[in-house]
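J.: File final-v3.json follows (JSON, C-alpha atoms):
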```json
[["chain", "number", "residue", "atom", "x", "y", "z"],
["A", 231, "MET", "CA", -16.33, -10.86, -14.73],
["A", 232, "ASN", "CA", -13.11, -11.92, -13.05],
["A", 233, "ILE", "CA", -11.41, -9.52, -10.68],
["A", 234, "LEU", "CA", -7.92, -9.98, -9.25],
["A", 235, "LEU", "CA", -7.06, -8.03, -6.09],
["A", 236, "VAL", "CA", -3.38, -7.59, -5.39],
["A", 237, "CYS", "CA", -1.71, -6.59, -2.13],
["A", 238, "SER", "CA", 1.55, -7.44, -0.40],
["A", 239, "SER", "CA", 0.44, -10.81, 0.95],
["A", 240, "GLY", "CA", -3.13, -11.19, -0.28],
["A", 241, "MET", "CA", -4.34, -10.98, 3.29],
["A", 242, "SER", "CA", -6.09, -7.66, 3.69],
["A", 243, "THR", "CA", -7.51, -7.87, 0.19],
["A", 244, "GLY", "CA", -8.69, -11.39, 1.09],
["A", 245, "LEU", "CA", -11.15, -9.80, 3.47],
["A", 246, "LEU", "CA", -12.15, -7.34, 0.82],
["A", 247, "VAL", "CA", -13.02, -10.25, -1.50],
["A", 248, "ASP", "CA", -15.78, -11.33, 0.89],
["A", 249, "LYS", "CA", -17.20, -7.81, 1.05],
["A", 250, "MET", "CA", -17.20, -7.45, -2.72],
["A", 251, "LEU", "CA", -18.76, -10.86, -3.30],
["A", 252, "MET", "CA", -21.52, -10.01, -0.81],
["A", 253, "GLU", "CA", -22.14, -6.81, -2.73],
["A", 254, "GLY", "CA", -22.15, -8.71, -6.04],
["A", 255, "GLU", "CA", -24.74, -11.08, -4.65],
["A", 256, "LYS", "CA", -26.91, -8.14, -3.56],
["A", 257, "ARG", "CA", -26.73, -6.72, -7.07],
["A", 258, "ASN", "CA", -27.49, -10.11, -8.51],
["A", 259, "ILE", "CA", -24.38, -10.14, -10.70],
["A", 260, "GLN", "CA", -23.83, -13.48, -12.41],
["A", 261, "ASP", "CA", -20.40, -15.00, -13.02],
["A", 262, "LEU", "CA", -18.52, -12.78, -10.63],
["A", 263, "LYS", "CA", -15.20, -14.24, -9.59],
["A", 264, "ILE", "CA", -12.96, -12.30, -7.23],
["A", 265, "VAL", "CA", -9.64, -13.55, -5.91],
["A", 266, "ALA", "CA", -6.90, -11.92, -3.81],
["A", 267, "CYS", "CA", -3.24, -12.69, -4.33],
["A", 268, "SER", "CA", 0.12, -11.39, -3.20],
["A", 269, "VAL", "CA", 2.13, -9.23, -5.53],
["A", 270, "ASP", "CA", 4.72, -12.01, -5.78],
["A", 271, "GLU", "CA", 2.17, -14.37, -7.29],
["A", 272, "ILE", "CA", 0.54, -12.00, -9.71],
["A", 273, "GLU", "CA", 2.21, -13.39, -12.82],
["A", 274, "LYS", "CA", 0.79, -16.80, -12.06],
["A", 275, "TYR", "CA", -2.78, -15.52, -11.84],
["A", 276, "ILE", "CA", -3.18, -12.49, -14.04],
["A", 277, "SER", "CA", -4.06, -14.28, -17.31],
["A", 278, "ASN", "CA", -7.33, -15.62, -15.92],
["A", 279, "TYR", "CA", -8.70, -12.22, -14.86],
["A", 280, "ASP", "CA", -10.23, -9.25, -16.65],
["A", 281, "VAL", "CA", -9.38, -6.57, -14.15],
["A", 282, "VAL", "CA", -6.49, -6.01, -11.75],
["A", 283, "LEU", "CA", -7.14, -3.88, -8.66],
["A", 284, "VAL", "CA", -4.10, -2.96, -6.59],
["A", 285, "ALA", "CA", -4.27, -2.17, -2.88],
["A", 286, "PRO", "CA", -3.00, 1.36, -2.22],
["A", 287, "GLN", "CA", -0.32, 0.23, 0.24],
["A", 288, "ILE", "CA", 1.76, -1.34, -2.52],
["A", 289, "ARG", "CA", 1.64, 1.69, -4.75],
["A", 290, "TYR", "CA", 5.45, 1.65, -4.76],
["A", 291, "LYS", "CA", 5.30, -1.47, -6.96],
["A", 292, "GLU", "CA", 2.91, 0.20, -9.36],
["A", 293, "LYS", "CA", 5.33, 0.42, -12.32],
["A", 294, "TYR", "CA", 5.81, -3.32, -12.40],
["A", 295, "ILE", "CA", 2.14, -4.22, -11.98],
["A", 296, "TYR", "CA", 0.99, -1.57, -14.43],
["A", 297, "ALA", "CA", 3.37, -2.81, -17.14],
["A", 298, "LEU", "CA", 2.29, -6.39, -16.57],
["A", 299, "ALA", "CA", -1.42, -5.52, -16.72],
["A", 300, "MET", "CA", -0.95, -3.48, -19.89],
["A", 301, "SER", "CA", 1.04, -6.24, -21.59],
["A", 302, "LYS", "CA", -1.86, -8.61, -20.98],
["A", 303, "ASN", "CA", -4.47, -6.00, -21.89],
["A", 304, "LYS", "CA", -6.17, -6.08, -18.49],
["A", 305, "GLY", "CA", -8.14, -3.32, -16.81],
["A", 306, "TYR", "CA", -5.99, -1.73, -14.11],
["A", 307, "ALA", "CA", -6.47, 0.62, -11.17],
["A", 308, "ILE", "CA", -5.21, 1.35, -7.70],
["A", 309, "ILE", "CA", -8.02, 1.03, -5.18],
["A", 310, "ASP", "CA", -9.15, 4.40, -3.86],
["A", 311, "GLY", "CA", -7.54, 4.96, -0.44],
["A", 312, "VAL", "CA", -10.71, 6.11, 1.28],
["A", 313, "HIS", "CA", -12.75, 3.18, 0.00],
["A", 314, "TYR", "CA", -9.98, 0.81, 0.99],
["A", 315, "GLY", "CA", -9.75, 2.21, 4.51],
["A", 316, "LEU", "CA", -13.50, 1.83, 4.96],
["A", 317, "VAL", "CA", -13.46, -1.68, 3.43],
["A", 318, "ASP", "CA", -16.20, -0.44, 1.12],
["A", 319, "GLY", "CA", -16.96, -3.42, -1.14],
["A", 320, "ASN", "CA", -19.68, -1.49, -2.90],
["A", 321, "LYS", "CA", -17.49, 1.38, -4.13],
["A", 322, "ILE", "CA", -14.60, -0.89, -4.99],
["A", 323, "LEU", "CA", -16.87, -3.10, -7.08],
["A", 324, "ASP", "CA", -17.98, 0.06, -8.92],
["A", 325, "GLN", "CA", -14.35, 0.90, -9.52],
["A", 326, "ALA", "CA", -13.71, -2.57, -10.96],
["A", 327, "PHE", "CA", -16.61, -2.27, -13.39],
["A", 328, "GLY", "CA", -15.43, 1.20, -14.36],
["A", 329, "ILE", "CA", -12.06, -0.04, -15.62],
["A", 330, "MET", "CA", -13.33, -3.15, -17.36],
["A", 331, "ARG", "CA", -11.97, -3.34, -20.92],
["A", 332, "LYS", "CA", -14.55, -4.08, -23.54],
["B", 33, "MET", "CA", -15.08, 3.47, 12.52],
["B", 34, "ASP", "CA", -15.40, -0.20, 13.37],
["B", 35, "LYS", "CA", -12.43, -2.40, 14.24],
["B", 36, "GLU", "CA", -12.09, -3.69, 10.72],
["B", 37, "GLN", "CA", -11.94, -0.19, 9.29],
["B", 38, "ILE", "CA", -9.35, 0.83, 11.88],
["B", 39, "VAL", "CA", -7.17, -2.12, 10.84],
["B", 40, "PHE", "CA", -7.52, -1.31, 7.15],
["B", 41, "THR", "CA", -6.75, 2.33, 7.77],
["B", 42, "ILE", "CA", -3.57, 1.42, 9.66],
["B", 43, "ILE", "CA", -2.52, -0.78, 6.74],
["B", 44, "LEU", "CA", -3.36, 2.00, 4.31],
["B", 45, "HIS", "CA", -1.35, 4.71, 6.07],
["B", 46, "ALA", "CA", 1.58, 2.40, 6.79],
["B", 47, "GLY", "CA", 1.58, 1.32, 3.16],
["B", 48, "ASN", "CA", 1.45, 4.91, 1.97],
["B", 49, "ALA", "CA", 4.42, 5.70, 4.19],
["B", 50, "ARG", "CA", 6.39, 2.82, 2.75],
["B", 51, "SER", "CA", 5.53, 3.84, -0.80],
["B", 52, "TYR", "CA", 6.68, 7.42, -0.16],
["B", 53, "CYS", "CA", 9.95, 6.12, 1.32],
["B", 54, "PHE", "CA", 10.77, 4.04, -1.73],
["B", 55, "GLU", "CA", 9.86, 6.93, -3.99],
["B", 56, "ALA", "CA", 12.19, 9.14, -1.97],
["B", 57, "LEU", "CA", 15.04, 6.68, -2.42],
["B", 58, "ALA", "CA", 14.47, 6.49, -6.18],
["B", 59, "LEU", "CA", 14.47, 10.30, -6.37],
["B", 60, "ALA", "CA", 17.64, 10.56, -4.29],
["B", 61, "ARG", "CA", 19.40, 8.18, -6.65],
["B", 62, "GLU", "CA", 18.50, 10.53, -9.48],
["B", 63, "GLY", "CA", 20.04, 13.37, -7.48],
["B", 64, "LYS", "CA", 16.67, 15.01, -6.75],
["B", 65, "HIS", "CA", 17.21, 15.55, -3.04],
["B", 66, "THR", "CA", 14.69, 18.32, -2.44],
["B", 67, "GLU", "CA", 11.91, 16.14, -3.83],
["B", 68, "ALA", "CA", 13.26, 13.14, -1.95],
["B", 69, "SER", "CA", 13.11, 14.94, 1.35],
["B", 70, "ALA", "CA", 9.57, 16.15, 0.59],
["B", 71, "ARG", "CA", 8.56, 12.50, 0.07],
["B", 72, "LEU", "CA", 10.17, 11.55, 3.37],
["B", 73, "GLY", "CA", 8.15, 14.32, 5.00],
["B", 74, "LYS", "CA", 4.97, 12.83, 3.57],
["B", 75, "ALA", "CA", 6.04, 9.39, 4.77],
["B", 76, "THR", "CA", 6.47, 10.80, 8.28],
["B", 77, "GLN", "CA", 2.96, 12.27, 8.20],
["B", 78, "GLU", "CA", 1.46, 8.97, 7.03],
["B", 79, "LEU", "CA", 3.34, 7.07, 9.73],
["B", 80, "LYS", "CA", 2.05, 9.50, 12.34],
["B", 81, "LYS", "CA", -1.52, 8.79, 11.25],
["B", 82, "ALA", "CA", -0.97, 5.03, 11.43],
["B", 83, "HIS", "CA", 0.76, 5.31, 14.80],
["B", 84, "SER", "CA", -1.99, 7.45, 16.26],
["B", 85, "MET", "CA", -4.61, 4.84, 15.34],
["B", 86, "GLN", "CA", -2.46, 2.12, 16.84],
["B", 87, "PHE", "CA", -2.00, 4.28, 19.92],
["B", 88, "ASP", "CA", -5.79, 4.63, 20.29],
["B", 89, "LEU", "CA", -6.11, 0.84, 20.26],
["B", 90, "LEU", "CA", -3.38, 0.48, 22.86],
["B", 91, "GLN", "CA", -4.93, 3.21, 24.97],
["B", 92, "ALA", "CA", -8.34, 1.54, 24.85],
["B", 93, "GLU", "CA", -6.80, -1.74, 25.90],
["B", 94, "ALA", "CA", -4.94, -0.06, 28.76],
["B", 95, "ASN", "CA", -8.31, 1.32, 29.89],
["B", 96, "GLY", "CA", -9.64, -2.19, 30.22],
["B", 97, "GLU", "CA", -11.41, -2.36, 26.89],
["B", 98, "LYS", "CA", -10.37, -5.81, 25.76],
["B", 99, "GLN", "CA", -9.26, -5.89, 22.15],
["B", 100, "GLU", "CA", -10.26, -8.78, 20.00],
["B", 101, "MET", "CA", -7.07, -10.23, 18.54],
["B", 102, "SER", "CA", -7.24, -11.10, 14.90],
["B", 103, "LEU", "CA", -4.67, -12.20, 12.38],
["B", 104, "LEU", "CA", -5.62, -9.11, 10.40],
["B", 105, "LEU", "CA", -4.72, -6.83, 13.29],
["B", 106, "ILE", "CA", -1.35, -8.56, 13.60],
["B", 107, "HIS", "CA", -0.96, -8.09, 9.87],
["B", 108, "ALA", "CA", -1.59, -4.36, 10.28],
["B", 109, "GLN", "CA", 1.19, -4.32, 12.87],
["B", 110, "ASP", "CA", 3.47, -6.01, 10.32],
["B", 111, "HIS", "CA", 2.74, -3.24, 7.87],
["B", 112, "LEU", "CA", 3.35, -0.55, 10.44],
["B", 113, "MET", "CA", 6.66, -2.03, 11.61],
["B", 114, "ASN", "CA", 7.79, -2.52, 8.03],
["B", 115, "ALA", "CA", 7.01, 1.06, 7.20],
["B", 116, "SER", "CA", 8.77, 2.31, 10.34],
["B", 117, "LEU", "CA", 11.91, 0.37, 9.54],
["B", 118, "ALA", "CA", 11.74, 1.33, 5.86],
["B", 119, "LYS", "CA", 11.70, 4.99, 6.80],
["B", 120, "ASP", "CA", 14.68, 4.81, 9.16],
["B", 121, "LEU", "CA", 16.75, 2.67, 6.81],
["B", 122, "ILE", "CA", 15.90, 4.66, 3.71],
["B", 123, "LYS", "CA", 16.87, 7.88, 5.48],
["B", 124, "GLU", "CA", 20.31, 6.37, 6.05],
["B", 125, "LEU", "CA", 20.48, 5.06, 2.51],
["B", 126, "ILE", "CA", 19.65, 8.49, 1.13],
["B", 127, "SER", "CA", 22.51, 10.02, 3.14],
["B", 128, "MET", "CA", 24.83, 7.38, 1.74],
["B", 129, "VAL", "CA", 23.63, 8.01, -1.79],
["B", 130, "ARG", "CA", 24.16, 11.73, -1.29],
["B", 131, "GLU", "CA", 27.68, 11.26, 0.07],
["B", 132, "LYS", "CA", 28.55, 9.08, -2.88],
["B", 133, "GLN", "CA", 27.11, 11.55, -5.36],
["B", 134, "LEU", "CA", 29.00, 14.43, -3.76],
["B", 135, "SER", "CA", 32.29, 12.57, -3.59],
["B", 136, "SER", "CA", 31.97, 11.52, -7.22],
["B", 137, "VAL", "CA", 31.91, 15.18, -8.22],
["B", 138, "GLY", "CA", 34.77, 15.94, -5.85],
["B", 139, "MET", "CA", 32.74, 17.95, -3.39],
["B", 140, "ASN", "CA", 33.01, 15.62, -0.46],
["B", 141, "ASN", "CA", 35.06, 18.06, 1.59],
["B", 142, "VAL", "CA", 32.57, 20.88, 1.06],
["B", 143, "GLU", "CA", 29.68, 18.70, 2.22],
["B", 144, "GLN", "CA", 31.52, 17.72, 5.39],
["B", 145, "GLY", "CA", 32.10, 21.36, 6.14],
["B", 146, "GLU", "CA", 35.87, 21.18, 5.93]]
```
Can you dump the structure from the file as structure tokens?
T.:
Amino acid sequence: MNILLVCSSGMSTGLLVDKMLMEGEKRNIQDLKIVACSVDEIEKYISNYDVVLVAPQIRYKEKYIYALAMSKNKGYAIIDGVHYGLVDGNKILDQAFGIMRK
Amino acid sequence: MDKEQIVFTIILHAGNARSYCFEALALAREGKHTEASARLGKATQELKKAHSMQFDLLQAEANGEKQEMSLLLIHAQDHLMNASLAKDLIKELISMVREKQLSSVGMNNVEQGE
């Protein structure tokens, strides 16, 4: 499964990538690819990913990202604020699997 | 809360504040000023939360507890400053939008209390 994390510069979500990958390793998930990018680069990346997770601090760009994700038939969600604040890779990985499109 | 969580929480609250500000501006442009000002109120609350966490860090440093500087912490500051500026500027923009809307319906004089 390929997960794309989007925030304003790809920096804070970059740290989240490590946490989620660690969690994926613990769960023994094969073929897990997680990448963080800035909202300005999303169009370049989105095609290669199954799921788009958006950091809550760029909620004000939601309309644009949502429309883009839908047009490419990708799973989409805004990361839960509490989980984001706690840098909870575990819960956020759950969220990603929850929105995966079959 | 560890340092990393503090930084993420600052980014979160600052980002929320910025989101609310932009929502407020969009609402004001549609003429929905009551809702716009409610959003600005929420933005203020979120900014307060972010500022209070930043203040705790500053306070700890002032008390001799050396803070580890990280790019991520600087990044959190970026978010906070952005949100702060967004709020002040958007407040002004909303007043301008309101003046324009009022003058376009010929009520400018009423608004200015003349």
J.: Could you check the closest approach to Ser242 in chain A for each of B:Asp120, B:Met128, B:Leu79, B:Ala108 and tell me which residue wins, using only C-alpha atoms?
T.: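 Of B:Asp120, B:Met128, B:Leu79, B:Ala108, the one nearest Ser242 in chain A is B:Ala108, counting only C-alpha atoms.
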J.: Could you build a table of the residues in range 40-121 of chain B lying no more than 12 Å from range 300-314 of chain A, giving for each the nearest pair of atoms and their separation in Å rounded to one decimal place, using all atoms listed in the file, ordered by chain and ascending residue number, as JSON lines?
T.:
```
{"residue": "B:Phe40", "atom": "CA", "partner": "A:Tyr314", "partner_atom": "CA", "distance": 7.0}
{"residue": "B:Thr41", "atom": "CA", "partner": "A:Tyr314", "partner_atom": "CA", "distance": 7.7}
{"residue": "B:Ile42", "atom": "CA", "partner": "A:Tyr314", "partner_atom": "CA", "distance": 10.8}
{"residue": "B:Ile43", "atom": "CA", "partner": "A:Tyr314", "partner_atom": "CA", "distance": 9.6}
{"residue": "B:Leu44", "atom": "CA", "partner": "A:Gly311", "partner_atom": "CA", "distance": 7.0}
{"residue": "B:His45", "atom": "CA", "partner": "A:Gly311", "partner_atom": "CA", "distance": 9.0}
{"residue": "B:Ala46", "atom": "CA", "partner": "A:Gly311", "partner_atom": "CA", "distance": 11.9}
{"residue": "B:Gly47", "atom": "CA", "partner": "A:Gly311", "partner_atom": "CA", "distance": 10.5}
{"residue": "B:Asn48", "atom": "CA", "partner": "A:Gly311", "partner_atom": "CA", "distance": 9.3}
```
J.: Output the selection as a tab-separated table (two decimals), in the coordinates of the input - C-alpha atoms for each residue.
T.:
```
chain	number	residue	atom	x	y	z
B	40	PHE	CA	-7.52	-1.31	7.15
B	41	THR	CA	-6.75	2.33	7.77
B	42	ILE	CA	-3.57	1.42	9.66
B	43	ILE	CA	-2.52	-0.78	6.74
B	44	LEU	CA	-3.36	2.00	4.31
B	45	HIS	CA	-1.35	4.71	6.07
B	46	ALA	CA	1.58	2.40	6.79
B	47	GLY	CA	1.58	1.32	3.16
B	48	ASN	CA	1.45	4.91	1.97
```
J.: Quick one: distance from CA of Lys293 in chain A to CA of Leu251 in chain A in Å, one decimal?
T.: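 Computing it gives 28.1 Å between the two atoms.
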J.: Please build the interface table for chain B against chain A with a cut-off of 12 Å, listing for each qualifying residue the nearest atom pair and the distance in Å to one decimal; count all atoms listed in the file, order rows by chain and increasing number, and write it as CSV.
T.:
```
residue,atom,partner,partner_atom,distance
B:Met33,CA,A:Leu316,CA,7.9
B:Asp34,CA,A:Leu316,CA,8.9
B:Lys35,CA,A:Leu316,CA,10.3
B:Glu36,CA,A:Val317,CA,7.7
B:Gln37,CA,A:Leu316,CA,5.0
B:Ile38,CA,A:Gly315,CA,7.5
B:Val39,CA,A:Gly315,CA,8.1
B:Phe40,CA,A:Gly315,CA,4.9
B:Thr41,CA,A:Gly315,CA,4.4
B:Ile42,CA,A:Gly315,CA,8.1
B:Ile43,CA,A:Gln287,CA,6.9
B:Leu44,CA,A:Gln287,CA,5.4
B:His45,CA,A:Gln287,CA,7.4
B:Ala46,CA,A:Gln287,CA,7.2
B:Gly47,CA,A:Gln287,CA,3.7
B:Asn48,CA,A:Gln287,CA,5.3
B:Ala49,CA,A:Gln287,CA,8.2
B:Arg50,CA,A:Gln287,CA,7.6
B:Ser51,CA,A:Tyr290,CA,4.5
B:Tyr52,CA,A:Tyr290,CA,7.5
B:Cys53,CA,A:Tyr290,CA,8.8
B:Phe54,CA,A:Tyr290,CA,6.6
B:Glu55,CA,A:Tyr290,CA,6.9
B:Ala56,CA,A:Tyr290,CA,10.5
B:Leu57,CA,A:Tyr290,CA,11.1
B:Ala58,CA,A:Tyr290,CA,10.3
B:Glu78,CA,A:Gln287,CA,11.2
B:Ala82,CA,A:Gly315,CA,11.5
B:Ser102,CA,A:Ser242,CA,11.8
B:Leu103,CA,A:Met241,CA,9.2
B:Leu104,CA,A:Ser242,CA,6.9
B:Leu105,CA,A:Ser242,CA,9.7
B:Ile106,CA,A:Met241,CA,11.0
B:His107,CA,A:Met241,CA,7.9
B:Ala108,CA,A:Ser242,CA,8.6
B:Asp110,CA,A:Ser239,CA,11.0
B:His111,CA,A:Gln287,CA,8.9
B:Leu112,CA,A:Gln287,CA,10.9
B:Asn114,CA,A:Gln287,CA,11.6
B:Ala115,CA,A:Gln287,CA,10.1
```
J.: Can you measure CA of Leu72 in chain B to CA of Met113 in chain B for me? One decimal in Å is fine.
T.: 16.3 Å
J.: Which polymer residues have any atom within 8 Å of an atom of range 255-265 of chain A, counting all atoms listed in the file, with same-chain residues fewer than 5 positions away left out, as a PyMOL selection string?
T.: chain A and resi 231-235+244+247+250
J.: To one decimal place in Å, what is the distance between CA of Lys249 in chain A and CA of Asn320 in chain A?
T.: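 CA of Asn320 in chain A lies 7.9 Å from CA of Lys249 in chain A.
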J.: May I have the residues within 6 Å of Cys237 in chain A as a CSV table (one decimal) with C-alpha atoms, in the frame of the given file, using all atoms listed in the file and disregarding those fewer than 3 positions away in the same chain?
T.:
```csv
chain,number,residue,atom,x,y,z
A,240,GLY,CA,-3.1,-11.2,-0.3
A,268,SER,CA,0.1,-11.4,-3.2
A,269,VAL,CA,2.1,-9.2,-5.5
A,285,ALA,CA,-4.3,-2.2,-2.9
```
J.: So, with all atoms listed in the file as the atoms that count, which of A:Ala326, A:Tyr275, A:Leu283, A:Cys267 lies closest to Tyr296 in chain A?
T.: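 Selected residue with least distance to Tyr296 in chain A: A:Leu283.
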J.: Using only C-alpha atoms for the distances, tell me which of B:Leu90, B:Ser127, B:Ile122, B:Lys98 is nearest to Arg71 in chain B.
T.: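 Checking each of B:Leu90, B:Ser127, B:Ile122, B:Lys98 against Arg71 in chain B, counting only C-alpha atoms, the winner is B:Ile122.
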